[in-house]
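Have a look at the structure below, then the notes.
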Amino acid sequence: MDDLDRQLIELLKVNARLPVVKIAQALGCARSTVQLRLKALEDSGTISGYTVSVTKPQSTRSIQAMVLISIESKNEPDVVRALRKRHEITKLYSVSGRYDLCGMLETETTHELDAVIDRVRAIRGVVDTFSTILLSTKLDRPG
């Protein structure tokens with residue numbers, strides 16, 4: 001990846017819907033160059049997708065929680081596959097220490113959160129969980 005690729009990625013971070021022509025103008029290169037660079041970045045996995053960021057209405061309160069999950073290591077692929085199917089789990093990390101995975105959950109109510117955690121505990125290969133509700137965000141840097 002060179003400087004042009006990095007500049008291209010930075011433009012897309014600001015607005016992933018920028019037309020290729022506008023990107024080419026901003027970078028001072030040909031449209032075909034941008035198309036080739038985008039394809040190469042996608043094929044290499046550097047760009048793994050494009051997304052939409054949605055602002056939540058203030059009336060929608062969400063409960064966010066961090067759930068640490070201890071698993072039987074032989075069942076990790078099956079456990080991860082099952083957790084990926086849960087739409088309430090927004091992120092899943094592999095972690096070191098007493099627990100093996102850390103899931104970030106988001107639900108509308110604590111009752112729903114409790115039900116999701118019960119479903120996580122019921123997954124074959126899950127040994128233990130430890131959860132904590134997030135109260136407020138003190139720092140949120142963009143990726």
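Letters for chains follow the order of the structure tokens (A, B, ...), residue numbers begin at 1 for each chain, and ligand numbers begin at 1 in the order shown.
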Give me, as an NGL selection string, the residues of chain A that a backbone DSSP run labels alpha helix (DSSP H).
:A and (3-14 or 20-27 or 31-43 or 76-84 or 110-121)
DSSP-assigned strand (DSSP E) members of chain A, reported as a ChimeraX atom specification:
/A:63-71,89-94,101-107,126-134
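Using only C-alpha atoms, the contacts of region 110-122 of chain A at a cut-off of 8 Å, with sequence neighbours closer than 4 positions omitted, comprise A:Ile63, A:Val67, A:Leu83, A:Glu88, A:Leu105, A:Glu106, A:Val126, A:Val127, A:Asp128, A:Thr129.
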Next, dump the selected residues to file, keeping only N, CA and C atoms, as a short mmCIF file (atom, residue, chain, number, x, y, z; two decimals), in the first residue's frame.
```
data_model
loop_
_atom_site.label_atom_id
_atom_site.label_comp_id
_atom_site.auth_asym_id
_atom_site.auth_seq_id
_atom_site.Cartn_x
_atom_site.Cartn_y
_atom_site.Cartn_z
N ILE A 63 -29.53 -0.51 25.73
CA ILE A 63 -28.72 -1.06 26.80
C ILE A 63 -27.51 -1.70 26.13
N VAL A 67 -19.90 -8.72 27.52
CA VAL A 67 -20.03 -10.06 28.08
C VAL A 67 -18.75 -10.83 27.81
N LEU A 83 -22.46 -17.38 17.96
CA LEU A 83 -22.53 -15.99 18.43
C LEU A 83 -22.71 -15.01 17.28
N GLU A 88 -27.91 -9.14 18.29
CA GLU A 88 -27.65 -8.26 19.44
C GLU A 88 -26.16 -8.11 19.72
N LEU A 105 -22.75 -6.33 23.39
CA LEU A 105 -24.16 -6.55 23.11
C LEU A 105 -24.94 -5.25 23.19
N GLU A 106 -26.00 -5.18 22.42
CA GLU A 106 -26.88 -4.03 22.48
C GLU A 106 -28.33 -4.52 22.37
N VAL A 126 -19.92 -23.21 25.75
CA VAL A 126 -19.78 -22.05 26.64
C VAL A 126 -19.74 -22.58 28.07
N VAL A 127 -18.67 -22.22 28.79
CA VAL A 127 -18.47 -22.70 30.15
C VAL A 127 -18.96 -21.69 31.18
N ASP A 128 -18.68 -20.40 30.94
CA ASP A 128 -18.99 -19.37 31.93
C ASP A 128 -19.10 -18.03 31.22
N THR A 129 -19.86 -17.10 31.82
CA THR A 129 -19.93 -15.73 31.31
C THR A 129 -19.83 -14.76 32.48
#
```
Within 8 Å of region 10-21 of chain A: each region 26-101 of chain A residue with its shortest pair, only C-alpha atoms, as CSV:
```
residue,atom,partner,partner_atom,distance
A:Arg31,CA,A:Val21,CA,5.6
A:Val34,CA,A:Val20,CA,6.6
A:Gln35,CA,A:Val20,CA,7.1
A:Tyr50,CA,A:Ala16,CA,6.6
A:Thr51,CA,A:Ala16,CA,7.7
```
Write a file of the selected residues as a tab-separated table (two decimals), in the first residue's frame, keeping N, CA and C atoms.
```tsv
chain	number	residue	atom	x	y	z
A	31	ARG	N	-9.67	8.29	-13.35
A	31	ARG	CA	-10.77	7.49	-12.82
A	31	ARG	C	-10.41	6.00	-12.86
A	34	VAL	N	-8.25	4.98	-9.94
A	34	VAL	CA	-9.02	4.81	-8.71
A	34	VAL	C	-9.76	3.47	-8.74
A	35	GLN	N	-10.36	3.14	-9.86
A	35	GLN	CA	-11.09	1.87	-9.97
A	35	GLN	C	-10.16	0.68	-9.75
A	50	TYR	N	-18.20	-1.76	2.80
A	50	TYR	CA	-18.68	-0.39	2.90
A	50	TYR	C	-19.92	-0.45	3.78
A	51	THR	N	-20.13	0.57	4.58
A	51	THR	CA	-21.21	0.51	5.55
A	51	THR	C	-21.98	1.82	5.61
```
Give me, please, the distance in Å between CA of Arg84 (chain A) and CA of Tyr99 (chain A), quoted to one decimal.
17.8 Å
Residue contacts of Leu68 (chain A) (7 Å, only C-alpha atoms) excluding same-chain residues fewer than 5 positions away, as a list in words:
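Selected residues are Tyr99, Leu101, Cys102, Gly103, Thr129, Phe130 and Ser131 of chain A.
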Residues from the last selection, N, CA, C and O atoms, saved as a compact mmCIF listing (two decimals), in the first residue's frame:
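What landed in again-v5.txt:
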```
# COMPACT_ATOMS: atom_id res chain seq x y z
N TYR A 99 -11.03 -15.42 30.49
CA TYR A 99 -12.08 -15.58 29.49
C TYR A 99 -11.46 -15.64 28.10
O TYR A 99 -10.35 -15.16 27.89
N LEU A 101 -13.45 -14.99 25.01
CA LEU A 101 -14.12 -14.08 24.08
C LEU A 101 -14.74 -12.92 24.84
O LEU A 101 -15.10 -13.06 26.02
N CYS A 102 -14.89 -11.81 24.16
CA CYS A 102 -15.58 -10.65 24.72
C CYS A 102 -16.59 -10.18 23.68
O CYS A 102 -16.21 -9.81 22.57
N GLY A 103 -17.86 -10.24 24.04
CA GLY A 103 -18.91 -9.80 23.13
C GLY A 103 -19.50 -8.48 23.58
O GLY A 103 -19.75 -8.28 24.78
N THR A 129 -19.86 -17.10 31.82
CA THR A 129 -19.93 -15.73 31.31
C THR A 129 -19.83 -14.76 32.48
O THR A 129 -20.13 -15.10 33.62
N PHE A 130 -19.41 -13.57 32.16
CA PHE A 130 -19.38 -12.47 33.12
C PHE A 130 -19.80 -11.23 32.34
O PHE A 130 -19.20 -10.92 31.32
N SER A 131 -20.85 -10.57 32.80
CA SER A 131 -21.35 -9.43 32.04
C SER A 131 -21.38 -8.17 32.88
O SER A 131 -21.51 -8.21 34.10
```
Would you write out, as CSV, a table of all residues in region 18-104 of chain A that have an atom no more than 12 Å from an atom of region 135-139 of chain A, listing for each the closest atom pair and the distance in Å to one decimal, considering only C-alpha atoms and ordering rows by chain and rising residue number?
```
residue,atom,partner,partner_atom,distance
A:Arg61,CA,A:Leu135,CA,11.8
A:Ser62,CA,A:Leu135,CA,10.5
A:Ile63,CA,A:Leu135,CA,8.5
A:Gln64,CA,A:Leu135,CA,7.9
A:Ala65,CA,A:Leu135,CA,8.8
A:Met66,CA,A:Leu135,CA,11.0
```
What does the file look like for those residues with N, CA and C atoms, as a short mmCIF file (atom, residue, chain, number, x, y, z; two decimals), in the first residue's frame?
```cif
data_model
loop_
_atom_site.label_atom_id
_atom_site.label_comp_id
_atom_site.auth_asym_id
_atom_site.auth_seq_id
_atom_site.Cartn_x
_atom_site.Cartn_y
_atom_site.Cartn_z
N ARG A 61 -33.74 4.24 23.58
CA ARG A 61 -32.69 4.00 24.57
C ARG A 61 -32.18 2.59 24.34
N SER A 62 -30.88 2.46 24.37
CA SER A 62 -30.35 1.11 24.20
C SER A 62 -29.48 0.76 25.40
N ILE A 63 -29.53 -0.51 25.73
CA ILE A 63 -28.72 -1.06 26.80
C ILE A 63 -27.51 -1.70 26.13
N GLN A 64 -26.33 -1.28 26.52
CA GLN A 64 -25.11 -1.86 25.98
C GLN A 64 -24.40 -2.61 27.11
N ALA A 65 -23.87 -3.77 26.75
CA ALA A 65 -23.18 -4.58 27.75
C ALA A 65 -21.96 -5.24 27.14
N MET A 66 -21.02 -5.54 28.01
CA MET A 66 -19.84 -6.30 27.62
C MET A 66 -19.98 -7.65 28.32
#
```
Using only C-alpha atoms, which residue out of A:Thr46, A:Ile69, A:Arg141, A:Asp78 lies closest to Tyr93 (chain A)?
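Result for the nearest residue to Tyr93 (chain A): A:Ile69.
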Select, from A:Ile133, A:Val95, A:Leu41, A:Leu8, the residue with the minimum atom-to-atom distance to Gln25 (chain A), counting only C-alpha atoms.
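Comparing A:Ile133, A:Val95, A:Leu41, A:Leu8 against Gln25 (chain A), the winner is A:Leu8.
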